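Here is data39.txt, consisting of compact mmCIF, C-alpha atoms:
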```txt
# COMPACT_ATOMS: atom_id res chain seq x y z
CA MET A 1 -218.42 -28.82 22.99
CA GLY A 2 -218.31 -26.70 19.92
CA SER A 3 -217.32 -23.65 21.85
CA LEU A 4 -213.78 -22.74 22.69
CA SER A 5 -212.46 -24.38 25.82
CA SER A 6 -212.17 -22.11 28.81
CA GLU A 7 -208.92 -21.16 30.47
CA ASP A 8 -210.09 -23.20 33.45
CA ASP A 9 -210.50 -26.34 31.39
CA GLN A 10 -207.04 -25.90 29.94
CA ALA A 11 -205.48 -25.36 33.35
CA ARG A 12 -207.39 -28.30 34.74
CA PHE A 13 -206.31 -30.53 31.89
CA ARG A 14 -202.71 -29.60 32.55
CA SER A 15 -202.89 -30.30 36.26
CA VAL A 16 -205.07 -33.41 36.07
CA VAL A 17 -203.96 -35.23 32.92
CA LEU A 18 -200.40 -34.26 32.07
CA PRO A 19 -198.79 -35.47 35.33
CA HIS A 20 -199.96 -38.99 34.50
CA LEU A 21 -198.99 -39.05 30.85
CA ALA A 22 -196.14 -41.53 31.30
CA GLN A 23 -198.44 -44.01 33.01
CA ALA A 24 -201.11 -43.47 30.38
CA TYR A 25 -198.56 -44.20 27.69
CA ALA A 26 -197.26 -47.28 29.53
CA LEU A 27 -200.74 -48.79 29.84
CA ALA A 28 -201.46 -48.07 26.17
CA ARG A 29 -198.20 -49.70 25.16
CA TRP A 30 -198.91 -52.84 27.18
CA LEU A 31 -202.40 -53.08 25.68
CA THR A 32 -201.50 -52.39 22.05
CA GLY A 33 -198.02 -53.91 22.15
CA ASP A 34 -196.56 -51.14 20.04
CA ARG A 35 -195.07 -47.74 20.77
CA ALA A 36 -196.50 -45.84 17.81
CA ASP A 37 -199.95 -47.34 18.34
CA ALA A 38 -199.70 -46.48 22.02
CA GLU A 39 -199.09 -42.88 21.13
CA ASP A 40 -202.20 -42.80 18.94
CA VAL A 41 -204.23 -44.31 21.74
CA VAL A 42 -202.91 -41.77 24.26
CA GLN A 43 -203.68 -38.90 21.90
CA GLU A 44 -207.23 -40.13 21.47
CA ALA A 45 -207.58 -40.70 25.22
CA CYS A 46 -206.35 -37.18 25.95
CA LEU A 47 -208.90 -35.76 23.56
CA ARG A 48 -211.63 -37.65 25.41
CA ALA A 49 -210.18 -36.57 28.76
CA PHE A 50 -210.09 -32.95 27.68
CA ARG A 51 -213.70 -33.04 26.56
CA GLY A 52 -214.73 -34.75 29.76
CA ILE A 53 -212.59 -32.74 32.14
CA GLY A 54 -215.66 -31.08 33.60
CA GLY A 55 -216.96 -34.45 34.71
CA PHE A 56 -213.82 -35.44 36.60
CA SER A 57 -214.68 -35.86 40.29
CA GLY A 58 -211.32 -34.58 41.46
CA VAL A 59 -210.31 -37.52 43.59
CA ASN A 60 -208.05 -39.89 41.69
CA ALA A 61 -206.72 -38.34 38.51
CA ARG A 62 -204.51 -41.28 37.65
CA ALA A 63 -207.31 -43.86 37.88
CA TRP A 64 -209.62 -41.55 35.95
CA LEU A 65 -207.14 -41.07 33.12
CA LEU A 66 -206.18 -44.76 32.97
CA THR A 67 -209.87 -45.66 32.69
CA ILE A 68 -210.12 -43.42 29.63
CA VAL A 69 -206.90 -44.79 28.17
CA ARG A 70 -208.18 -48.31 28.61
CA HIS A 71 -211.41 -47.48 26.78
CA ALA A 72 -209.48 -45.83 23.97
CA ALA A 73 -207.16 -48.85 23.76
CA TYR A 74 -210.11 -51.23 23.60
CA THR A 75 -211.65 -49.20 20.79
CA TRP A 76 -208.33 -49.35 18.99
CA LEU A 77 -207.94 -53.10 19.58
CA GLY A 78 -211.49 -53.68 18.35
CA LYS A 79 -210.65 -51.93 15.10
CA ASN A 80 -207.17 -53.27 14.54
CA ARG A 81 -206.78 -56.51 16.48
CA SER A 82 -210.25 -57.81 17.04
CA GLY A 83 -208.81 -61.28 17.60
CA SER A 84 -206.96 -60.22 20.70
CA LEU A 85 -210.09 -59.11 22.49
CA LEU A 86 -211.07 -62.60 23.48
CA MET A 87 -213.87 -62.10 25.92
CA VAL A 88 -213.28 -63.13 29.48
CA ASP A 89 -216.30 -65.40 29.44
CA ASP A 90 -214.79 -67.37 26.60
CA LEU A 91 -211.50 -67.41 28.42
CA GLU A 92 -213.08 -68.82 31.53
CA THR A 93 -214.91 -71.49 29.55
CA VAL A 94 -211.66 -72.55 27.94
CA GLU A 95 -209.97 -72.74 31.30
CA ARG A 96 -212.76 -74.80 32.82
CA GLN A 97 -212.54 -77.27 29.95
CA GLN A 98 -208.80 -77.51 30.35
CA ALA A 99 -209.16 -77.93 34.08
CA SER A 100 -211.67 -80.73 33.73
CA ALA A 101 -209.30 -82.36 31.24
CA GLY A 102 -206.64 -82.03 33.91
CA ALA A 103 -204.45 -79.52 32.13
CA SER A 104 -205.04 -76.06 33.47
CA PRO A 105 -202.37 -73.69 32.25
CA GLU A 106 -202.17 -72.24 35.73
CA GLN A 107 -201.70 -75.47 37.59
CA GLY A 108 -199.18 -77.20 35.47
CA PRO A 109 -197.30 -80.18 36.82
CA GLU A 110 -194.37 -77.92 37.62
CA THR A 111 -194.10 -75.99 40.85
CA PRO A 112 -190.93 -74.17 39.92
CA GLU A 113 -188.41 -72.91 42.37
CA ALA A 114 -188.73 -69.26 43.27
CA ALA A 115 -185.04 -68.83 42.44
CA LEU A 116 -185.70 -69.77 38.82
CA ILE A 117 -188.41 -67.13 38.53
CA ALA A 118 -186.21 -64.52 40.14
CA LYS A 119 -183.66 -65.04 37.36
CA ALA A 120 -186.06 -64.09 34.56
CA ASP A 121 -184.63 -61.22 32.53
CA ALA A 122 -186.46 -58.25 31.09
CA ALA A 123 -186.96 -59.71 27.63
CA ARG A 124 -188.51 -62.93 28.94
CA LEU A 125 -190.74 -61.05 31.35
CA GLU A 126 -191.90 -58.67 28.64
CA ALA A 127 -192.68 -61.51 26.25
CA ALA A 128 -194.49 -63.54 28.90
CA ILE A 129 -196.63 -60.59 29.96
CA ALA A 130 -197.35 -59.62 26.36
CA ASP A 131 -198.71 -63.12 25.72
CA LEU A 132 -201.25 -62.92 28.54
CA PRO A 133 -204.87 -62.51 27.45
CA VAL A 134 -205.88 -58.85 27.68
CA PRO A 135 -207.98 -59.01 30.89
CA PHE A 136 -205.18 -60.75 32.77
CA ARG A 137 -202.49 -58.60 31.23
CA GLU A 138 -204.09 -55.29 32.10
CA THR A 139 -204.76 -56.36 35.68
CA LEU A 140 -201.18 -57.52 36.16
CA VAL A 141 -199.70 -54.43 34.53
CA LEU A 142 -201.85 -52.05 36.57
CA ARG A 143 -200.80 -53.79 39.77
CA ASP A 144 -197.21 -54.94 39.33
CA VAL A 145 -195.88 -52.43 36.81
CA GLN A 146 -197.95 -49.34 37.56
CA GLY A 147 -198.53 -49.88 41.27
CA LEU A 148 -202.29 -49.32 41.54
CA ASP A 149 -204.10 -50.91 44.47
CA TYR A 150 -206.98 -53.34 44.06
CA ARG A 151 -209.62 -50.68 44.53
CA GLU A 152 -208.12 -48.50 41.81
CA ILE A 153 -207.78 -51.46 39.44
CA ALA A 154 -211.41 -52.34 40.06
CA GLU A 155 -212.33 -48.78 39.14
CA VAL A 156 -210.18 -48.69 36.00
CA THR A 157 -211.22 -52.12 34.68
CA ASN A 158 -214.81 -51.80 35.87
CA VAL A 159 -215.03 -55.12 37.71
CA PRO A 160 -215.50 -56.05 41.39
CA ILE A 161 -212.44 -56.30 43.63
CA GLY A 162 -212.88 -60.07 43.88
CA THR A 163 -212.50 -60.31 40.10
CA VAL A 164 -209.38 -58.16 40.24
CA MET A 165 -207.91 -60.55 42.74
CA SER A 166 -208.72 -63.70 40.79
CA ARG A 167 -207.46 -62.23 37.50
CA LEU A 168 -204.26 -61.14 39.16
CA ALA A 169 -203.77 -64.58 40.68
CA ARG A 170 -204.32 -66.25 37.33
CA ALA A 171 -202.06 -63.85 35.48
CA ARG A 172 -199.27 -64.45 37.96
CA ARG A 173 -199.69 -68.22 37.93
CA ARG A 174 -199.42 -68.21 34.16
CA LEU A 175 -196.24 -66.17 34.32
CA ILE A 176 -194.80 -68.37 37.06
CA ALA A 177 -195.57 -71.54 35.10
CA ARG A 178 -193.97 -70.12 31.96
CA LEU A 179 -190.93 -68.52 33.54
CA GLY A 180 -190.35 -71.54 35.71
CA THR A 181 -190.39 -74.14 32.98
CA GLU A 182 -188.72 -72.38 30.09
CA GLU A 183 -184.97 -72.03 30.19
CA PRO A 184 -183.57 -68.63 29.22
CA GLY A 185 -182.77 -68.62 25.53
CA ASP A 186 -185.03 -71.58 24.94
CA ALA A 187 -187.47 -70.50 22.25
CA SER A 188 -190.31 -72.93 22.81
CA MET B 1 -209.34 -54.52 52.47
CA THR B 2 -211.92 -57.01 53.59
CA VAL B 3 -212.00 -60.01 51.35
CA SER B 4 -214.79 -62.48 51.07
CA THR B 5 -212.75 -65.38 49.74
CA THR B 6 -211.05 -67.89 51.99
CA ASP B 7 -209.07 -69.71 49.30
CA PRO B 8 -205.53 -69.40 50.64
CA ARG B 9 -204.06 -69.74 47.13
CA LEU B 10 -205.88 -66.55 46.22
CA LEU B 11 -205.18 -64.80 49.49
CA VAL B 12 -201.44 -65.24 48.96
CA HIS B 13 -201.69 -62.53 46.31
CA ALA B 14 -203.64 -60.13 48.47
CA TYR B 15 -201.07 -60.80 51.21
CA VAL B 16 -198.15 -59.95 48.90
CA ASP B 17 -199.96 -56.84 47.70
CA GLY B 18 -200.62 -55.58 51.21
CA GLU B 19 -204.37 -55.68 50.67
CA LEU B 20 -205.30 -57.82 53.67
CA ASP B 21 -206.57 -56.50 56.95
CA PRO B 22 -204.40 -57.25 60.00
CA ALA B 23 -206.49 -60.25 61.09
CA HIS B 24 -206.10 -61.92 57.69
CA VAL B 25 -202.39 -61.10 57.62
CA LEU B 26 -201.87 -62.97 60.88
CA GLU B 27 -203.98 -65.86 59.67
CA MET B 28 -201.93 -66.11 56.45
CA GLU B 29 -198.66 -66.00 58.35
CA ARG B 30 -199.83 -68.86 60.50
CA GLN B 31 -200.68 -70.85 57.36
CA PHE B 32 -197.32 -70.10 55.74
CA ALA B 33 -195.61 -71.49 58.83
CA SER B 34 -197.59 -74.70 58.79
CA ASP B 35 -198.03 -75.33 55.06
CA PRO B 36 -194.80 -75.68 53.04
CA ALA B 37 -196.66 -75.77 49.72
CA LEU B 38 -198.33 -72.47 50.48
CA ALA B 39 -195.02 -71.00 51.65
CA ALA B 40 -193.45 -72.09 48.34
CA GLU B 41 -196.28 -70.40 46.44
CA LEU B 42 -195.64 -67.23 48.45
CA ALA B 43 -191.95 -67.38 47.53
CA ARG B 44 -192.79 -67.76 43.84
CA VAL B 45 -195.24 -64.87 43.82
CA GLU B 46 -192.78 -62.64 45.65
CA ALA B 47 -189.99 -63.64 43.28
CA LEU B 48 -192.17 -62.76 40.31
CA ARG B 49 -193.13 -59.40 41.74
CA ARG B 50 -189.53 -58.58 42.53
CA ALA B 51 -188.38 -59.64 39.06
CA ILE B 52 -190.99 -57.39 37.42
CA GLN B 53 -190.07 -54.44 39.61
CA GLU B 54 -186.36 -54.84 39.02
CA GLN B 55 -186.42 -55.77 35.35
CA LEU B 56 -189.16 -53.61 33.91
CA PRO B 57 -188.27 -49.98 34.44
CA SER B 58 -191.08 -47.52 34.63
CA GLU B 59 -191.98 -46.15 31.27
CA THR B 60 -191.40 -42.56 30.31
CA ALA B 61 -193.61 -40.87 27.78
CA PRO B 62 -191.93 -40.23 24.42
CA ALA B 63 -190.20 -36.89 24.11
CA GLY B 64 -192.57 -34.20 22.98
CA LEU B 65 -195.74 -36.23 23.51
CA ALA B 66 -197.15 -33.71 25.98
CA ARG B 67 -196.43 -30.89 23.54
CA ARG B 68 -198.03 -32.75 20.62
CA ILE B 69 -201.11 -33.44 22.70
CA GLU B 70 -201.41 -29.83 23.80
CA SER B 71 -201.11 -28.57 20.28
CA SER B 72 -203.57 -31.15 18.92
CA LEU B 73 -206.08 -29.92 21.50
CA GLY B 74 -205.41 -26.33 20.59
CA LEU B 75 -204.08 -25.50 24.02
CA ARG B 76 -202.10 -22.35 24.38
CA ARG B 77 -198.62 -23.30 25.40
CA GLU B 78 -196.56 -21.35 27.89
CA ASP B 79 -193.34 -22.27 26.21
CA PRO B 80 -190.25 -21.07 28.06
CA ARG B 81 -188.15 -21.58 24.94
CA ALA B 82 -190.06 -18.82 23.23
CA LEU B 83 -187.78 -16.48 25.15
CA SER B 84 -184.69 -17.80 23.41
CA HIS B 85 -186.08 -17.34 19.93
CA PRO B 86 -184.42 -14.82 17.63
CA SER B 87 -185.03 -11.32 18.77
CA TRP B 88 -187.18 -10.29 15.81
CA ARG B 89 -189.62 -13.00 16.83
CA ALA B 90 -189.65 -11.78 20.40
CA LEU B 91 -190.24 -8.31 19.09
CA ALA B 92 -193.07 -9.51 16.90
CA ALA B 93 -194.53 -11.40 19.84
CA SER B 94 -194.39 -8.35 22.05
CA VAL B 95 -196.21 -6.36 19.41
CA VAL B 96 -198.86 -9.05 19.27
CA LEU B 97 -199.06 -8.98 23.06
CA ALA B 98 -199.34 -5.19 23.11
CA VAL B 99 -202.17 -5.34 20.61
CA PHE B 100 -203.78 -8.07 22.64
CA LEU B 101 -203.58 -6.01 25.83
CA ALA B 102 -204.69 -2.87 24.11
CA SER B 103 -207.72 -4.69 22.81
CA GLY B 104 -209.02 -4.81 26.34
CA ALA B 105 -208.44 -8.48 27.06
CA THR B 106 -207.17 -9.28 30.51
CA TRP B 107 -203.81 -10.93 30.79
CA PHE B 108 -204.20 -12.44 34.20
CA ALA B 109 -200.89 -14.26 34.22
CA LEU B 110 -198.79 -11.12 34.20
CA ARG B 111 -199.22 -10.04 37.78
CA PRO B 112 -200.71 -12.57 40.09
CA ASP B 113 -202.49 -11.29 43.14
CA PRO B 114 -200.52 -12.47 46.23
CA ALA B 115 -203.71 -13.84 47.78
CA ASP B 116 -204.27 -15.86 44.62
CA THR B 117 -200.78 -17.26 44.87
CA THR B 118 -201.40 -18.42 48.42
CA ALA B 119 -204.69 -20.03 47.44
CA ASP B 120 -202.96 -21.71 44.49
CA MET B 121 -200.26 -23.08 46.76
CA ILE B 122 -202.81 -24.37 49.24
CA VAL B 123 -204.74 -26.12 46.49
CA ALA B 124 -201.49 -27.50 45.06
CA SER B 125 -200.57 -28.92 48.48
CA HIS B 126 -203.95 -30.60 48.68
CA MET B 127 -203.53 -32.11 45.21
CA ARG B 128 -200.03 -33.23 46.04
CA ALA B 129 -201.35 -34.88 49.21
CA LEU B 130 -204.03 -36.75 47.25
CA MET B 131 -201.39 -38.14 44.91
CA ALA B 132 -199.06 -39.21 47.73
CA PRO B 133 -199.46 -42.66 49.24
CA GLN B 134 -200.64 -40.94 52.43
CA PRO B 135 -202.40 -37.57 52.48
CA ILE B 136 -201.19 -37.04 56.03
CA ASP B 137 -197.94 -37.20 58.00
CA VAL B 138 -199.60 -38.09 61.28
CA ALA B 139 -202.63 -40.37 61.10
CA SER B 140 -204.92 -40.09 64.05
CA SER B 141 -208.50 -39.26 64.82
CA ASP B 142 -207.42 -38.19 68.31
CA ARG B 143 -206.78 -34.48 68.58
CA HIS B 144 -204.65 -35.17 71.66
CA THR B 145 -202.27 -37.03 69.36
CA VAL B 146 -202.36 -34.64 66.44
CA LYS B 147 -201.76 -31.43 68.32
CA PRO B 148 -198.60 -32.57 70.16
CA TRP B 149 -197.26 -33.88 66.85
CA PHE B 150 -197.41 -30.33 65.50
CA ASN B 151 -195.93 -28.94 68.72
CA GLY B 152 -192.68 -30.71 68.07
CA ARG B 153 -192.37 -29.36 64.54
CA ILE B 154 -193.60 -25.83 64.20
CA THR B 155 -193.65 -22.85 66.51
CA GLU B 156 -197.38 -22.58 66.79
CA ALA B 157 -199.59 -25.66 66.78
CA PRO B 158 -202.98 -25.09 65.20
CA ARG B 159 -206.24 -25.46 67.03
CA VAL B 160 -207.28 -29.08 66.56
CA VAL B 161 -210.89 -30.10 66.90
CA ASP B 162 -212.57 -33.34 65.95
CA LEU B 163 -215.81 -32.94 64.04
CA ALA B 164 -216.83 -36.60 63.83
CA ASP B 165 -220.19 -35.83 65.38
CA GLU B 166 -220.84 -33.31 62.64
CA GLY B 167 -219.93 -35.83 59.94
CA PHE B 168 -216.35 -34.68 59.42
CA PRO B 169 -214.03 -37.04 61.31
CA LEU B 170 -210.46 -35.87 61.80
CA ILE B 171 -208.04 -38.28 60.15
CA GLY B 172 -204.73 -36.57 60.78
CA GLY B 173 -202.47 -33.71 59.92
CA ARG B 174 -199.46 -32.70 57.89
CA ILE B 175 -197.21 -29.72 57.36
CA ASP B 176 -197.40 -27.92 54.03
CA VAL B 177 -195.00 -25.30 52.82
CA ILE B 178 -196.85 -22.20 51.67
CA GLY B 179 -194.72 -19.31 50.48
CA ARG B 180 -191.59 -20.72 52.14
CA ALA B 181 -193.28 -21.01 55.54
CA PRO B 182 -194.32 -24.25 57.18
CA VAL B 183 -198.07 -24.28 57.66
CA PRO B 184 -200.03 -26.79 59.73
CA THR B 185 -202.77 -28.56 57.81
CA LEU B 186 -205.46 -30.73 59.34
CA VAL B 187 -207.14 -33.37 57.24
CA TYR B 188 -210.76 -34.32 57.67
CA ARG B 189 -212.91 -36.79 55.85
CA HIS B 190 -216.49 -36.47 54.69
CA ARG B 191 -217.87 -39.63 53.08
CA GLN B 192 -215.21 -40.47 50.49
CA HIS B 193 -213.85 -36.93 50.27
CA LEU B 194 -210.88 -35.42 52.00
CA ILE B 195 -210.73 -31.87 53.27
CA SER B 196 -207.41 -30.15 53.88
CA LEU B 197 -207.66 -27.30 56.36
CA SER B 198 -204.56 -25.10 56.34
CA ALA B 199 -204.05 -22.55 59.11
CA VAL B 200 -201.77 -19.72 58.01
CA PRO B 201 -200.75 -17.81 61.14
CA ALA B 202 -200.40 -14.05 61.02
CA GLY B 203 -201.89 -14.00 57.56
CA ARG B 204 -203.37 -10.84 56.23
CA PRO B 205 -206.97 -10.76 57.42
CA THR B 206 -209.21 -11.51 54.51
CA ALA B 207 -212.91 -11.47 54.04
CA ALA B 208 -214.41 -14.93 53.75
CA ALA B 209 -213.90 -16.03 50.18
CA ALA B 210 -215.09 -19.04 48.23
CA ARG B 211 -213.70 -19.98 44.87
CA GLU B 212 -212.74 -22.82 42.61
CA ILE B 213 -209.17 -23.52 41.58
CA ALA B 214 -208.22 -26.37 39.27
CA GLY B 215 -211.48 -28.11 39.99
CA TYR B 216 -211.18 -27.90 43.78
CA ASN B 217 -213.29 -25.71 46.00
CA ILE B 218 -211.44 -23.53 48.43
CA LEU B 219 -213.06 -21.59 51.24
CA SER B 220 -211.04 -19.11 53.32
CA TRP B 221 -211.82 -17.12 56.44
CA SER B 222 -209.91 -15.26 59.15
CA GLU B 223 -210.19 -15.94 62.82
CA ASN B 224 -208.04 -14.41 65.56
CA GLY B 225 -205.23 -13.50 63.23
CA THR B 226 -205.13 -16.85 61.51
CA VAL B 227 -206.32 -17.35 57.97
CA TYR B 228 -207.97 -20.73 57.51
CA SER B 229 -208.38 -22.26 54.08
CA ALA B 230 -210.39 -25.43 53.53
CA VAL B 231 -209.81 -27.24 50.24
CA SER B 232 -211.76 -30.18 48.92
CA ASP B 233 -213.52 -31.62 45.94
CA LEU B 234 -216.67 -31.45 48.05
CA ALA B 235 -219.44 -29.23 46.76
CA MET B 236 -219.25 -25.70 48.13
CA PRO B 237 -222.37 -26.00 50.36
CA ASP B 238 -220.80 -29.04 52.08
CA LEU B 239 -217.56 -27.19 52.50
CA GLU B 240 -219.46 -24.29 54.05
CA THR B 241 -221.13 -26.70 56.46
CA PHE B 242 -217.68 -27.96 57.40
CA ALA B 243 -216.35 -24.44 57.96
CA LYS B 244 -219.35 -23.58 60.10
CA ALA B 245 -218.86 -26.73 62.19
CA PHE B 246 -215.17 -25.97 62.65
CA ARG B 247 -215.81 -22.41 63.75
CA ALA B 248 -218.58 -23.44 66.11
CA ALA B 249 -216.46 -26.18 67.67
CA SER B 250 -213.46 -23.97 68.16
CA ALA B 251 -215.61 -21.20 69.68
CA GLU B 252 -216.61 -23.61 72.44
CA ARG B 253 -213.08 -23.98 73.66
```
Represent the structure from my file as structure tokens, please.
Amino acid sequence: MGSLSSEDDQARFRSVVLPHLAQAYALARWLTGDRADAEDVVQEACLRAFRGIGGFSGVNARAWLLTIVRHAAYTWLGKNRSGSLLMVDDLETVERQQASAGASPEQGPETPEAALIAKADAARLEAAIADLPVPFRETLVLRDVQGLDYREIAEVTNVPIGTVMSRLARARRRLIARLGTEEPGDAS
Amino acid sequence: MTVSTTDPRLLVHAYVDGELDPAHVLEMERQFASDPALAAELARVEALRRAIQEQLPSETAPAGLARRIESSLGLRREDPRALSHPSWRALAASVVLAVFLASGATWFALRPDPADTTADMIVASHMRALMAPQPIDVASSDRHTVKPWFNGRITEAPRVVDLADEGFPLIGGRIDVIGRAPVPTLVYRHRQHLISLSAVPAGRPTAAAAREIAGYNILSWSENGTVYSAVSDLAMPDLETFAKAFRAASAER
């Protein structure tokens, strides 16, 4: 850097990054939980993307940009919400302990009816997703809200496909357990 | 996708997401039929997915975010609203522009070369194809399938050759629209990279030309009145190897 960006870099930035801005913003909002913060994260991510545009391989612009957004969001979370970045290892330890105590959050006593889950409204869904631990939340959002396939999610979150699948399964089971047991309007 | 796990509770998710290969799909469907608990889990996961898709609309970026980002990066903005500014501003701008031009700088956007426009459109079609769920309209590695598919759609089907032996298997074809004309495009794969090969019939003969547009390499050549353009994110030497293989294969026939 240091020198002025070339016309090519500017054109490339426009054609590679800007078409995916809405998705970048959506991911940032799900990770930070706030619209203004999401905008800061996207701005920072775009700066990084612009500087790194020469290193973009040219294949999957969306996955490339979302990877950068995720890094920027993690930096932001580390600075502003360090508590929310519970490491996955810790998470898995907690779950194992709960499971051995017979109370895994994903395998609650309830096996709710699908019809009950189908009735969940936007506010309940939003709240339930927002409460997921970050690794589960980002995997679920990338898949079910943003429509990436497993391979792309593995690329963005930098884990093997098997991990994507298990995180997705656990995220969904948590949502199912919560949406299936809590009545609408019941603030538990 | 090939999955290494056999836990059906986990595979339900891959099934719902369309990530299983056909053999696993059949296996899962057999299990759903025989295992009510697993079928109930499938219903729950599908209900959740549907609820998310119906209830959570896709996000739009805040108004003006793209503009703020461009200006924070110091990008020059081609702002169409500049035209509707008060006339004294337009006048001032034109003076600035005149000075700019007079200073010897090139203002490439003013009069695009028609050949450049075609190349741009070919690259844009390739990019568009990469973003689509399928980069091709007909998926087949069999040229006897691909060629007839074109026959039913455009007046002149392109020459279709498979280059699997040369490391560039044919994966299918599509029709792009270049300058208001439908143009047949063949799609080849090389390792993880796709190559779009557009055949513009009755194009102006051009000397072979290699260039980079928007980060993609494009290589064009004329052959018997058809202008071929190969676009890919492959490195130029690989793209040249591809072009050579295509020309050699088509010369045989």
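In this structure, CA of Thr118 (chain B) sits 20.9 Å away from CA of Ala132 (chain B).
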Taking only C-alpha atoms into account, what are the residues of chain A at most 6 Å from chain B, put as a VMD selection string?
chain A and resid 12 22 25 to 26 58 114 118 122
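Using all atoms listed in the file, the smallest distance between any of A:Leu77, A:Ala169, A:Val59, A:Ala72 and Ile195 (chain B) comes from A:Val59.
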Choose the residue, out of B:Asn224, B:Trp149, B:Arg211, B:Val231, that has the smallest atom-to-atom separation from Ala129 (chain B); count all atoms listed in the file.
B:Val231
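Distance-wise, CA of Trp76 (chain A) and CA of Glu138 (chain A) end up 15.0 Å apart.
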Using only C-alpha atoms, determine which residues lie at most 12 Å from Ala127 (chain A), disregarding the query and same-chain residues fewer than 6 positions distant; provide the list as a PDB file with C-alpha atoms, keeping the file's coordinate frame.
```pdb
ATOM      1  CA  TRP A  30    -198.910 -52.840  27.180  1.00  0.00           C
ATOM      2  CA  GLY A  33    -198.020 -53.910  22.150  1.00  0.00           C
ATOM      3  CA  ALA A 120    -186.060 -64.090  34.560  1.00  0.00           C
ATOM      4  CA  ASP A 121    -184.630 -61.220  32.530  1.00  0.00           C
ATOM      5  CA  ARG A 137    -202.490 -58.600  31.230  1.00  0.00           C
ATOM      6  CA  LEU A 175    -196.240 -66.170  34.320  1.00  0.00           C
ATOM      7  CA  ARG A 178    -193.970 -70.120  31.960  1.00  0.00           C
ATOM      8  CA  LEU A 179    -190.930 -68.520  33.540  1.00  0.00           C
ATOM      9  CA  PRO A 184    -183.570 -68.630  29.220  1.00  0.00           C
ATOM     10  CA  ALA A 187    -187.470 -70.500  22.250  1.00  0.00           C
TER      11      ALA A 187
ATOM     12  CA  LEU B  56    -189.160 -53.610  33.910  1.00  0.00           C
TER      13      LEU B  56
END
```
Which polymer residues, protein or nucleic acid, are no farther than 10 Å from (-200.7, -29.2, 38.8), counting all atoms listed in the file, as JSON, numbers by chain?
{"A": [11, 12, 13, 14, 15, 16, 17, 18, 19], "B": [120, 123, 124, 125, 127, 128, 214]}
Write the residues of the preceding selection, restricted to C-alpha atoms, as a PDB file, in the coordinates of the input.
```pdb
ATOM      1  CA  ALA A  11    -205.480 -25.360  33.350  1.00  0.00           C
ATOM      2  CA  ARG A  12    -207.390 -28.300  34.740  1.00  0.00           C
ATOM      3  CA  PHE A  13    -206.310 -30.530  31.890  1.00  0.00           C
ATOM      4  CA  ARG A  14    -202.710 -29.600  32.550  1.00  0.00           C
ATOM      5  CA  SER A  15    -202.890 -30.300  36.260  1.00  0.00           C
ATOM      6  CA  VAL A  16    -205.070 -33.410  36.070  1.00  0.00           C
ATOM      7  CA  VAL A  17    -203.960 -35.230  32.920  1.00  0.00           C
ATOM      8  CA  LEU A  18    -200.400 -34.260  32.070  1.00  0.00           C
ATOM      9  CA  PRO A  19    -198.790 -35.470  35.330  1.00  0.00           C
TER      10      PRO A  19
ATOM     11  CA  ASP B 120    -202.960 -21.710  44.490  1.00  0.00           C
ATOM     12  CA  VAL B 123    -204.740 -26.120  46.490  1.00  0.00           C
ATOM     13  CA  ALA B 124    -201.490 -27.500  45.060  1.00  0.00           C
ATOM     14  CA  SER B 125    -200.570 -28.920  48.480  1.00  0.00           C
ATOM     15  CA  MET B 127    -203.530 -32.110  45.210  1.00  0.00           C
ATOM     16  CA  ARG B 128    -200.030 -33.230  46.040  1.00  0.00           C
ATOM     17  CA  ALA B 214    -208.220 -26.370  39.270  1.00  0.00           C
TER      18      ALA B 214
END
```
